[in-house]
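Participant: Sharing a structure, written as structure tokens. Questions coming.
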Amino acid sequence: MKYDFKAAESKWQRIWEEKQLFRADNNSDKKKYYALVEFPYPSGVGLHVGHARPYTAMDIVARKRRMQGYNVLFPIGWDAFGLPTENYAIKNHIPPKEVTRVNVAQFTSQLRMLGYSFDWSREISTTDPEYYRWTQWIFLKLFEKGLAYKARMPVNWCTSCKVVLANEEVVEGVCERCGGAVVRKEKSQWMLKITEYAQRLIDDLDGLDFIERVKIQQKNWIGRSTGANVRFSTTAGDEIEVFTTRPDTLFGVTYMVLSPEHALVERWKEILKNYPQVAEYRAQAEKKSDLERTELSKEKTGVELLGVRAVNPVTGAEIPIFISDYVLSTYGTGAIMAVPGHDQRDWEFAKKFGVPIVEVVMGGDVQQEAYTDSETGVMVNSGFLDGLEVPDAKKRITAWLEEKGLGRAAVNYKLRDWVFTRQRYWGEPIPLVYCDKCGWVPLPESELPLILPEVESYEPTDTGESPLSTMTDWVHTTCPHCGGEAHRETDTMPQWAGSSWYFLRYMDPHNTQALASKEALDYWGQVDWYNGGMEHTTLHLLYSRFWHKFLYDIGVVPYSEPYARRTSHGMILGEDKQKMSKSRGNVVNPNDVVEQYGADTMRLYIMFIGDFEKAAPWSSAAVKGCQRFVDRVWALAQQASDSDYVTPQHEALIHRTIKKVGEDIEVLKFNTAIASLMTLANEMAEKGCTRGDMKVFLTLLSPFAPHVCDESWEALGLEGMASCQAWPEYDEAKARPEEVEIAIQINGKFRDTVTVPADCGQDETVEAARNVPKVQRYLEGGTLVKTIFVKGRLVNFIVK
RNA sequence: GCGCCUGUGAUGGAAUUGGCAGACAUGCGAGAUUUAGGUUCUCGUGUCGAGAGACGUGUGGGUUCGAGUCCCUUCAGGCGCACCA
């Protein structure tokens, strides 16, 4: 009888649901385990095979943990606010709410089809007012604590999405989502002070079990630099403050550069002899997109500010001041002290503009190129620093600056505050109103959620105003503070708002009094294992760590870090080894795979495909291998003998498989776990097996391929279900084989093997090896100088 | 440019962490069962060689009794950041 995967899969999915096997219990004496996948954005194209990889992996973990006796929380929900839905709604004239409803229904059926053991009773959606009421609540808390502020500043503007982007959303100068050109636009935006948490976001990584590349990437993104802030006086009377990592090179400062947007430029309008030229340069810099600005970075450009000079505080020399777009307005103070001898960019600029280049650290030829080593070298031409090593010079000059009141040691971060407003419809409304008398006033908590109103048109505007701004009835309101006329904030929150705290809501998803009860937060605690994409490392993962720390600081959550462990999966590529995309026509639809081969085959293949952490190309041919395996499992269940004992011949292999599968799951080596299960299946198929053998085998396989295991379990007439078994105990004594094959080497070269009892000692093993005919031939040909013995592994004869 | 990672059969990938390279699977070849096969089963499959054997983990070197694994060199590919002062 052939295995009918369709019948079996729908049958067992129904039974699991009826028995509520995967419900997490908030009042349990068991140890808790919180396994989390990144909740999907329910897009119109449906679930992607790329989703199946992390979801299956964490489903395996969740199922295994339940079998190990844990009370497991393995939830799912929808990160449903966002631009693609809104754009689809605009194009097809369907309300975004409706688009979301349809997409969620499709995703739900696809996830159920794959047999994932989610606790569906805890399903959440970020677009649900009962959910976003708490997103808004957190925002109000941020506002209350001064961590949300409105600022007018140059922001990243995606010309295609017509929306402001956070720095994290700009990738290589273009929009992370659509690839559209990003330009600088001066706009007034709500900002979140993530920079206030920069140091803690770095420091607390140390205590976390995150894969190293995530930690590194977050640290690089936050970009901590240490150095000093130094103030330079100018002939105009104003001071220029700069941040530098090389205060030791202060004697080598031969000019200064302001970013084109620097406030002093406008302030000096009247005294600059070439203001029109300066203004022209600034206008050009503003017009350039980020991409152009970096592309044109090869050749340095700039204009000297004629009529003003700065003074080098140590040499007393008057030095020129330039503006140039190689100095960023958004980093440090937006101004630099230029040391052409020891910074390559400054060197190029100095060469082009004919500024003197002074060597202050020995080690290179500064007329040929900048000597940029910041650790080694001896100071020269540097007055009281002469003869000091660079690190000592840094300390000395910093102390000197502090003493003279000219500067002080300083730390700088690349991380910038989070631009938190979007000029689009389909997002959480910001619960603030503006009153001419009272300024920005938060809505009282009792008025949350502030419901997103239904509008006629979702079209974004070219003016950079949110579509909500046209809803005059909604916009015009009264001030909660003074009762006077006021208007609402019409921008909405970014996509990343709802996902910054969703894992907390799962703990207590129906709570109407708080985002989750204190008891639930205490019980479930940190997410034990969170797997998700590397692409979220400096977006969602960083943002949610920030929000969580804030919630910790105001006493809402009991831990300062949300996730104890973070792992990441590689991408599933198309058959052509290219990223799957509609335009390439290489997209694999999970529905087709499940239709043709079944969910278990899909689950097994996506885990067997290769190293979990690396990208892997899909192979429609290789899927069959997993289907054959599923069929063979079913066939074994038909063939197994009636005995409930474990076959002695299989015992050692079974125990080694228990160890291998159990350990491999914990370290993301699902591919080798499956390989070892295949090996066991092959062995049992060849040598025969009992119901007792199958019992262990099906239990081990059950997290990977739960349907065929429960079906086979039932066919064998076993009690209960494979899904509900206790995870098998590994017995080292039983795993040990009675005999081992020892490799024999002659002068380090493998020649033959000999089989000896597993506990065979050195003398006996060497003796046995010596008696192997082939070995004797080599031994007779020379003198034995040395014998190397590795227990249970090899014997190496060194012969001369 | 800086940081991180990866190079193993025709393909995806294993290798007990320094000890029989290529597990497991795909593909391919031969055979069997079958009216038929996108079924199932058996055998074979790193390269050269009839064979004994020799060679073989991107390149070149080193450490070691022994290196895919450690060290140095170099090349190739991927990812992240990118004028970050």
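Chain lettering (A, B, ...) mirrors the order of the structure tokens, residue numbering begins at 1 for each chain separately, and ligand numbering begins at 1 in order of display.
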What are the residues of chain B that have an atom within 7 Å of an atom of chain A, counting only C-alpha atoms (C1' of nucleotides), as a PyMOL selection string?
Facilitator: chain B and resi 4+12-13+19-20+24-26+65-66+80+83-85
Participant: Just write the chosen residues, C-alpha atoms (C1' of nucleotides), as a CSV table (one decimal), in the first residue's frame.
Facilitator:
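Contents of part36.csv, as written:
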```
chain,number,residue,atom,x,y,z
B,4,C,C1',32.9,39.5,8.4
B,12,G,C1',23.6,20.0,-2.8
B,13,G,C1',26.7,18.9,0.9
B,19,G,C1',43.4,10.7,12.8
B,20,C,C1',40.3,5.8,6.8
B,24,C,C1',23.5,11.4,3.4
B,25,A,C1',21.1,12.8,-1.0
B,26,U,C1',20.7,14.2,-6.3
B,65,C,C1',54.2,10.7,13.0
B,66,G,C1',49.8,12.6,10.5
B,80,G,C1',27.7,44.0,5.5
B,83,C,C1',34.1,60.2,2.3
B,84,C,C1',31.9,57.9,9.8
B,85,A,C1',36.9,62.5,10.5
```
Participant: Please measure the separation of CA of Cys435 in chain A and CA of Arg488 in chain A, giving the value in Å to one decimal.
Facilitator: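 According to the coordinates, CA of Cys435 in chain A and CA of Arg488 in chain A are separated by 8.9 Å.
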Participant: Name the closest residue to U74 in chain B among the candidates B:U59, B:U40, B:U16, B:U47; distances are taken between atoms, counting only C-alpha atoms (C1' of nucleotides).
Facilitator: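 That would be B:U59, the residue with the smallest distance to U74 in chain B.
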Participant: Considering only C-alpha atoms (C1' of nucleotides), can you say which of B:U57, B:G78, B:U64, B:U73 comes closest to G18 in chain B?
Facilitator: B:U64
Participant: Going by DSSP on the backbone, which residues of range 384-615 of chain A come out as helix (DSSP H, G or I)? List them as a PyMOL selection string.
Facilitator: chain A and resi 384-385+390-404+445-447+467-470+472-475+498-500+502-505+518-524+534-536+540-553+590-597+599-608
